[in-house]
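Undergrad: See upload-v1.txt below, with compact mmCIF, C-alpha atoms.
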```txt
# COMPACT_ATOMS: atom_id res chain seq x y z
CA MET A 1 64.91 94.63 68.16
CA ALA A 2 64.61 97.41 70.74
CA VAL A 3 67.52 99.56 71.76
CA VAL A 4 67.96 99.40 75.54
CA PHE A 5 71.02 101.62 75.79
CA GLU A 6 73.01 103.73 73.36
CA LYS A 7 75.24 106.77 73.48
CA THR A 8 73.27 109.95 74.18
CA LYS A 9 73.15 112.81 71.68
CA GLY A 10 74.25 115.02 74.56
CA LEU A 11 77.83 113.76 74.17
CA THR A 12 80.01 114.45 71.16
CA ASP A 13 81.84 111.60 69.41
CA LYS A 14 85.22 112.76 70.69
CA PRO A 15 86.87 110.11 72.91
CA THR A 16 87.65 111.53 76.35
CA HIS A 17 91.21 112.11 77.56
CA TYR A 18 90.43 110.66 81.00
CA CYS A 19 92.51 107.81 82.44
CA PRO A 20 91.10 104.26 82.13
CA GLY A 21 88.35 103.70 84.71
CA CYS A 22 88.01 107.38 85.66
CA THR A 23 84.40 108.01 86.63
CA HIS A 24 84.36 111.47 85.05
CA GLY A 25 83.18 109.66 81.92
CA ILE A 26 80.15 108.21 83.74
CA ILE A 27 79.27 111.61 85.21
CA HIS A 28 79.59 113.32 81.81
CA ARG A 29 77.19 110.76 80.40
CA LEU A 30 74.65 111.26 83.20
CA VAL A 31 74.69 115.04 82.70
CA ALA A 32 74.40 114.68 78.91
CA GLU A 33 71.56 112.14 79.15
CA SER A 34 69.70 114.37 81.62
CA LEU A 35 70.00 117.36 79.27
CA GLU A 36 68.79 115.27 76.32
CA GLU A 37 65.85 113.76 78.20
CA LEU A 38 64.73 117.17 79.48
CA GLY A 39 64.98 118.60 75.94
CA LEU A 40 67.65 121.08 76.99
CA LEU A 41 70.44 120.40 74.50
CA ASP A 42 69.57 123.52 72.47
CA LYS A 43 69.13 125.67 75.58
CA ALA A 44 71.95 124.50 77.82
CA ILE A 45 75.19 126.38 78.36
CA GLY A 46 77.86 124.57 80.36
CA VAL A 47 80.84 126.08 82.10
CA ALA A 48 83.98 123.93 82.19
CA PRO A 49 86.43 124.09 85.11
CA VAL A 50 90.16 123.89 85.47
CA GLY A 51 91.27 120.42 86.51
CA CYS A 52 90.93 117.04 84.85
CA ALA A 53 87.59 118.11 83.33
CA VAL A 54 89.14 121.16 81.66
CA PHE A 55 88.35 119.75 78.22
CA ALA A 56 84.69 119.13 79.10
CA TYR A 57 83.76 121.71 76.45
CA ASP A 58 84.81 119.20 73.78
CA TYR A 59 82.60 116.42 75.15
CA PHE A 60 79.15 117.99 75.63
CA SER A 61 77.12 118.77 72.53
CA CYS A 62 75.66 121.97 73.95
CA ASP A 63 77.19 125.44 74.17
CA MET A 64 80.17 125.52 76.52
CA GLN A 65 82.40 128.15 78.08
CA GLU A 66 85.73 127.68 79.83
CA ALA A 67 86.26 129.51 83.13
CA ALA A 68 89.33 130.45 85.13
CA HIS A 69 90.21 128.12 88.00
CA GLY A 70 87.36 128.04 90.53
CA ARG A 71 85.42 130.82 88.82
CA ALA A 72 82.87 128.69 86.99
CA PRO A 73 79.95 129.75 89.29
CA ALA A 74 80.79 133.42 88.65
CA VAL A 75 80.94 132.88 84.88
CA ALA A 76 77.72 130.85 85.03
CA THR A 77 76.08 133.67 86.99
CA GLY A 78 76.92 136.13 84.23
CA ILE A 79 75.66 133.82 81.48
CA LYS A 80 72.41 133.06 83.32
CA ARG A 81 71.69 136.72 84.03
CA VAL A 82 72.22 137.65 80.37
CA HIS A 83 70.35 134.59 79.06
CA PRO A 84 67.72 133.84 81.72
CA ASP A 85 65.89 131.39 79.42
CA SER A 86 68.91 129.13 79.02
CA THR A 87 69.85 126.30 81.37
CA VAL A 88 73.29 127.02 82.77
CA PHE A 89 75.45 124.50 84.58
CA SER A 90 78.98 124.43 85.89
CA TYR A 91 80.95 121.17 86.03
CA GLN A 92 83.68 121.38 88.66
CA GLY A 93 86.06 119.16 90.56
CA ASP A 94 87.00 119.37 94.22
CA GLY A 95 90.31 121.13 93.63
CA ASP A 96 88.43 123.73 91.61
CA LEU A 97 85.25 124.16 93.66
CA ALA A 98 86.30 123.30 97.22
CA SER A 99 89.64 125.09 97.24
CA ILE A 100 90.37 128.05 94.98
CA GLY A 101 86.69 128.46 94.07
CA THR A 102 85.11 128.26 97.53
CA ALA A 103 84.20 131.95 97.60
CA GLU A 104 82.51 131.75 94.20
CA ILE A 105 80.40 128.70 95.01
CA VAL A 106 79.34 129.95 98.45
CA HIS A 107 78.30 133.34 97.12
CA ALA A 108 76.57 131.96 94.01
CA ALA A 109 74.54 129.78 96.41
CA MET A 110 73.99 132.67 98.81
CA ARG A 111 72.61 134.86 96.00
CA GLY A 112 70.41 131.97 94.90
CA GLU A 113 71.70 132.07 91.33
CA LYS A 114 69.43 129.93 89.17
CA ILE A 115 72.27 127.72 87.98
CA THR A 116 73.15 124.05 88.49
CA THR A 117 76.55 122.90 89.67
CA ILE A 118 77.83 119.37 89.15
CA PHE A 119 80.53 118.97 91.81
CA VAL A 120 82.81 115.99 91.22
CA ASN A 121 84.57 115.02 94.46
CA ASN A 122 87.38 112.49 94.16
CA ALA A 123 89.31 113.60 97.26
CA ILE A 124 92.50 114.54 95.41
CA TYR A 125 93.97 116.91 92.83
CA GLY A 126 93.99 114.75 89.71
CA MET A 127 95.35 116.85 86.86
CA THR A 128 98.28 118.35 88.73
CA GLY A 129 99.58 115.00 89.96
CA GLY A 130 97.78 113.79 93.06
CA GLN A 131 98.34 116.50 95.64
CA MET A 132 96.26 116.70 98.84
CA ALA A 133 92.95 118.52 98.27
CA PRO A 134 90.67 120.11 100.90
CA THR A 135 88.52 116.98 100.44
CA THR A 136 91.36 114.45 100.94
CA LEU A 137 90.44 112.06 103.76
CA VAL A 138 92.37 111.93 107.04
CA GLY A 139 95.12 109.34 106.61
CA GLN A 140 94.81 109.31 102.82
CA LYS A 141 98.18 109.44 101.06
CA ALA A 142 98.83 112.10 98.45
CA THR A 143 102.02 113.45 96.91
CA THR A 144 101.95 116.36 99.39
CA SER A 145 100.88 114.15 102.31
CA PRO A 146 103.07 111.06 101.79
CA LEU A 147 102.34 109.78 105.31
CA GLY A 148 98.62 110.43 104.96
CA ARG A 149 96.62 113.57 105.74
CA ASP A 150 97.28 114.76 109.29
CA ALA A 151 94.18 116.43 110.78
CA ASP A 152 96.29 118.43 113.27
CA HIS A 153 98.30 119.95 110.47
CA ALA A 154 95.84 120.13 107.53
CA GLY A 155 92.47 120.16 109.27
CA MET A 156 89.50 117.98 108.47
CA PRO A 157 88.18 117.36 104.94
CA ILE A 158 85.55 119.89 103.90
CA ARG A 159 81.98 118.70 103.43
CA ILE A 160 80.71 121.06 100.76
CA SER A 161 77.13 119.75 100.49
CA GLU A 162 76.54 120.01 104.25
CA MET A 163 77.97 123.53 104.25
CA LEU A 164 75.90 124.75 101.29
CA ALA A 165 72.77 123.14 102.71
CA THR A 166 72.78 125.78 105.45
CA ILE A 167 72.25 128.51 102.82
CA PRO A 168 68.54 129.38 102.38
CA LYS A 169 68.63 129.93 98.60
CA ALA A 170 70.58 126.75 97.86
CA VAL A 171 67.30 124.92 97.32
CA PHE A 172 68.49 121.60 95.87
CA ILE A 173 71.52 119.88 97.39
CA GLU A 174 72.23 116.17 97.05
CA ARG A 175 75.30 113.96 97.35
CA VAL A 176 75.43 110.87 95.15
CA SER A 177 78.01 108.28 94.16
CA VAL A 178 78.84 106.34 90.99
CA HIS A 179 80.57 103.31 92.52
CA ASP A 180 77.96 100.81 91.31
CA VAL A 181 75.04 100.61 88.89
CA PRO A 182 72.20 101.31 91.40
CA ASN A 183 74.05 104.41 92.61
CA ILE A 184 74.68 105.54 89.03
CA ILE A 185 70.93 105.37 88.38
CA LYS A 186 70.24 107.38 91.58
CA ALA A 187 72.89 109.92 90.58
CA LYS A 188 71.14 110.54 87.29
CA LYS A 189 67.81 111.10 89.04
CA ALA A 190 69.46 113.70 91.28
CA ILE A 191 71.05 115.49 88.31
CA LYS A 192 67.69 115.62 86.52
CA LYS A 193 66.03 117.05 89.62
CA ALA A 194 68.73 119.69 89.88
CA PHE A 195 68.07 120.78 86.28
CA GLU A 196 64.31 120.77 86.93
CA THR A 197 64.92 123.02 89.95
CA GLN A 198 66.66 125.46 87.65
CA MET A 199 64.03 125.19 84.89
CA LYS A 200 61.35 126.14 87.43
CA GLY A 201 63.42 129.11 88.58
CA LEU A 202 63.49 127.98 92.20
CA GLY A 203 67.10 128.83 93.06
CA PHE A 204 70.58 127.38 93.23
CA SER A 205 71.07 123.63 92.77
CA LEU A 206 74.12 121.43 93.32
CA VAL A 207 74.78 117.72 92.97
CA GLU A 208 77.98 116.43 94.60
CA VAL A 209 79.12 113.25 92.88
CA LEU A 210 81.65 111.04 94.67
CA SER A 211 84.15 109.96 92.05
CA THR A 212 87.40 108.00 91.75
CA CYS A 213 90.96 108.77 90.70
CA PRO A 214 92.54 105.35 90.06
CA THR A 215 95.79 106.87 88.78
CA ASN A 216 96.53 109.16 91.72
CA TRP A 217 95.04 106.85 94.34
CA GLY A 218 97.46 104.20 93.04
CA LYS A 219 94.73 101.62 92.51
CA THR A 220 93.15 99.70 89.65
CA PRO A 221 89.77 101.08 88.50
CA ILE A 222 88.00 98.16 90.23
CA GLU A 223 89.92 98.69 93.51
CA ALA A 224 89.20 102.41 93.29
CA LEU A 225 85.41 101.89 93.24
CA LYS A 226 85.76 99.63 96.28
CA TRP A 227 87.93 102.21 98.06
CA LEU A 228 85.34 104.92 97.36
CA LYS A 229 82.57 102.80 98.83
CA GLU A 230 84.54 101.79 101.93
CA ASN A 231 86.33 105.05 102.72
CA MET A 232 84.60 108.04 101.14
CA ILE A 233 80.96 107.20 101.78
CA PRO A 234 81.37 106.89 105.60
CA TYR A 235 82.75 110.46 105.69
CA TYR A 236 80.71 111.86 102.78
CA PRO A 237 77.29 110.25 103.30
CA VAL A 238 75.23 109.76 100.15
CA GLN A 239 71.98 111.60 100.83
CA ASN A 240 69.62 114.36 99.79
CA PHE A 241 70.05 117.47 101.89
CA ARG A 242 67.36 119.62 100.39
CA THR A 243 64.73 119.38 97.65
CA PRO A 244 62.10 122.00 96.83
CA GLU A 245 58.47 120.82 97.05
CA GLU A 246 57.97 121.58 93.33
CA VAL A 247 60.40 118.90 92.11
CA LYS A 248 59.75 116.13 94.66
CA MET X 1 64.84 87.41 77.32
CA ALA X 2 67.77 87.62 74.97
CA GLY X 3 69.94 90.62 74.43
CA LYS X 4 72.78 91.77 72.29
CA VAL X 5 75.64 94.08 73.19
CA THR X 6 77.96 95.73 70.72
CA PHE X 7 81.24 97.37 71.61
CA ASP X 8 82.64 100.51 69.99
CA GLU X 9 85.91 98.70 70.52
CA ASN X 10 88.40 101.44 69.72
CA ARG X 11 86.97 103.67 72.48
CA CYS X 12 87.62 100.98 75.14
CA LYS X 13 90.39 101.82 77.63
CA GLY X 14 90.50 98.35 79.18
CA CYS X 15 89.43 99.50 82.66
CA GLU X 16 87.48 96.24 83.22
CA LEU X 17 84.65 97.89 85.19
CA CYS X 18 82.06 96.32 82.86
CA THR X 19 83.33 92.83 83.72
CA THR X 20 82.48 93.36 87.42
CA VAL X 21 78.80 94.27 87.03
CA CYS X 22 77.52 91.69 84.53
CA PRO X 23 75.03 89.42 86.36
CA THR X 24 75.70 86.57 83.93
CA LYS X 25 79.50 87.13 83.94
CA ILE X 26 79.82 87.07 80.16
CA VAL X 27 81.68 90.38 79.68
CA ILE X 28 85.39 89.59 79.53
CA MET X 29 88.57 91.25 78.34
CA ASP X 30 89.78 89.89 75.02
CA LYS X 31 93.37 88.98 75.86
CA ASP X 32 94.05 87.82 72.28
CA ARG X 33 93.60 91.25 70.70
CA ILE X 34 94.53 94.87 71.27
CA ASN X 35 92.60 97.91 70.05
CA ILE X 36 93.83 101.11 68.44
CA LYS X 37 94.67 102.57 71.87
CA GLY X 38 96.73 99.51 72.79
CA TYR X 39 94.33 98.01 75.33
CA HIS X 40 92.73 94.57 75.47
CA PRO X 41 89.12 95.51 74.64
CA ALA X 42 86.06 94.26 76.51
CA THR X 43 84.04 91.70 74.63
CA VAL X 44 81.28 89.08 74.96
CA LYS X 45 81.79 85.58 73.59
CA GLU X 46 78.60 83.92 74.92
CA MET X 47 76.08 86.40 73.55
CA ASP X 48 73.16 83.95 73.98
CA LYS X 49 73.44 84.45 77.77
CA CYS X 50 72.97 88.25 77.57
CA ILE X 51 69.79 89.46 79.30
CA ALA X 52 70.01 93.08 78.04
CA CYS X 53 70.18 94.53 81.57
CA ALA X 54 72.62 97.25 80.35
CA ALA X 55 74.57 97.23 83.63
CA CYS X 56 77.85 97.05 81.64
CA ALA X 57 76.82 100.05 79.53
CA ARG X 58 75.84 102.11 82.57
CA ILE X 59 79.16 101.68 84.38
CA CYS X 60 81.34 102.12 81.26
CA PRO X 61 83.09 105.51 81.59
CA ASP X 62 83.70 105.70 77.85
CA VAL X 63 80.25 104.92 76.43
CA VAL X 64 81.65 101.96 74.52
CA ILE X 65 78.62 99.67 74.83
CA ARG X 66 75.30 99.66 73.01
CA VAL X 67 72.60 97.26 74.25
CA GLU X 68 69.66 95.84 72.32
CA LYS X 69 66.85 93.53 73.39
CA LEU X 70 65.98 90.84 70.85
```
As a first step, turn the structure in this file into structure tokens.
TA:
Amino acid sequence: MAVVFEKTKGLTDKPTHYCPGCTHGIIHRLVAESLEELGLLDKAIGVAPVGCAVFAYDYFSCDMQEAAHGRAPAVATGIKRVHPDSTVFSYQGDGDLASIGTAEIVHAAMRGEKITTIFVNNAIYGMTGGQMAPTTLVGQKATTSPLGRDADHAGMPIRISEMLATIPKAVFIERVSVHDVPNIIKAKKAIKKAFETQMKGLGFSLVEVLSTCPTNWGKTPIEALKWLKENMIPYYPVQNFRTPEEVK
Amino acid sequence: MAGKVTFDENRCKGCELCTTVCPTKIVIMDKDRINIKGYHPATVKEMDKCIACAACARICPDVVIRVEKL
């Protein structure tokens, strides 16, 4: 009897605190499996964000550090510069990375820090109760935009991957989604490539993962995956923006 | 090709995502039982139809499912 699928050693046994159907759990697993398959569990140091994933340090079985809100790329920079042989990643949501932490992520990319960022974009502030985020879609309802986001008032949602892909030392940038099994498999490939980019010392790498928030979107987990596919992907296209020759 | 799935039932949060991706439609929610968290856990009653594709395990956010090929 051959084992086709079992829980990776990269995850601890602690059950996650995420809501039912939240895709954070899938993304945690993909990161943990990638670390295990690349033999990095003893060398990896993760930096947890503020937001729903604030307890990520309890779920990965590698060294972890908590950072102040939005400052994970700055903390990761320090860790990587002190421990250049380790594999350092930050795991951040859109409220953390695309709002309060925009300066940190842009400048970490600009300096070409040899770190990997997993950017989980679910178009809303989850932990604080469903407020409008910079990534909230036009027309999307949130507790601070009860009639839907108004582009005249709040501007257009920020496309982080497109923006970072203009920075020369951001050498690996890809947007993926986890709304169905084929996309989950593609997402894992992208995460592995991002870690390989770092292992080869090529520069900054980021994977943006489109994710759901069934609770704050007011949908069932199944409806939320459908909503992601139909509404988020047209505005946030799933594609590779940049890959270095060495990891193609 | 026969497969076998086992559920770490008390980790299940009853989100039902696994029931939507099974190509043979055998993953169902067990409405007769509740787990330690108070959810109806996912289960398979017709295990002989499992093809060990692991789609259910890959979409499960809580790593509940282990898949073996017989």
Undergrad: Excluding range 76-91 of chain A and any residue of its chain fewer than 4 positions from it, enumerate the residues within 8 Å of it, using all atoms listed in the file, and give them as a ChimeraX atom specification.
TA: /A:40,43-49,53,72,108,113-120,195,198-199
Undergrad: For chain A, report every residue with an atom at most 6 Å from chain X (counting all atoms listed in the file), formatted as a list in words.
TA: Met1, Ala2, Val3, Val4, Phe5, Glu6, Pro20, Gly21, Thr23, Gly25 and Ile26 of chain A
Undergrad: Taking 2 positions as the minimum chain separation for residues in the same chain, which residues sit within 9 Å of Lys45 in chain X when counting all atoms listed in the file? Answer as a PDB file with C-alpha atoms, in the coordinates of the input.
TA:
```
ATOM      1  CA  ILE X  26      79.820  87.070  80.160  1.00  0.00           C
ATOM      2  CA  VAL X  27      81.680  90.380  79.680  1.00  0.00           C
ATOM      3  CA  ILE X  28      85.390  89.590  79.530  1.00  0.00           C
ATOM      4  CA  THR X  43      84.040  91.700  74.630  1.00  0.00           C
ATOM      5  CA  MET X  47      76.080  86.400  73.550  1.00  0.00           C
ATOM      6  CA  ASP X  48      73.160  83.950  73.980  1.00  0.00           C
TER       7      ASP X  48
END
```
Undergrad: Could you tell me how far CA of Glu9 in chain X sits from CA of Ala187 in chain A, in Å to one decimal place?
TA: 26.4 Å
Undergrad: Quick one: everything within 12 Å of Gly148 in chain A, counting only C-alpha atoms, minus sequence neighbours fewer than 6 positions away in the same chain. Send it as a PyMOL selection string.
TA: chain A and resi 131-133+136-142+154+217
Undergrad: Any idea what the distance is between CA of Thr135 in chain A and CA of Ile167 in chain A?
TA: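 Spanning CA of Thr135 in chain A to CA of Ile167 in chain A is a straight-line distance of 20.1 Å.
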Undergrad: Calculated over all atoms listed in the file, which of the candidates A:Ala170, A:Ala98, A:Met127, A:Ile233 has the smallest distance to Ile158 in chain A?
TA: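 Of A:Ala170, A:Ala98, A:Met127, A:Ile233, the one nearest Ile158 in chain A is A:Ala98, counting all atoms listed in the file.
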Undergrad: Using only C-alpha atoms, find all polymer residues with an atom at most 6 Å away from the point (68.4, 124.2, 91.8); report them as an MDAnalysis selection string.
TA: chainID A and resid 116 171:172 194 197:198 203:205
Undergrad: Please define a box with edges along x, y and z of the file around all atoms of range 45-49 of chain X given in the file, extend it by 6 Å on each side, and return its centre and edge lengths in Å to one decimal, as lines of an AutoDock Vina configuration file.
TA:
```
center_x = 77.5
center_y = 85.2
center_z = 75.7
size_x = 20.6
size_y = 14.5
size_z = 16.2
```
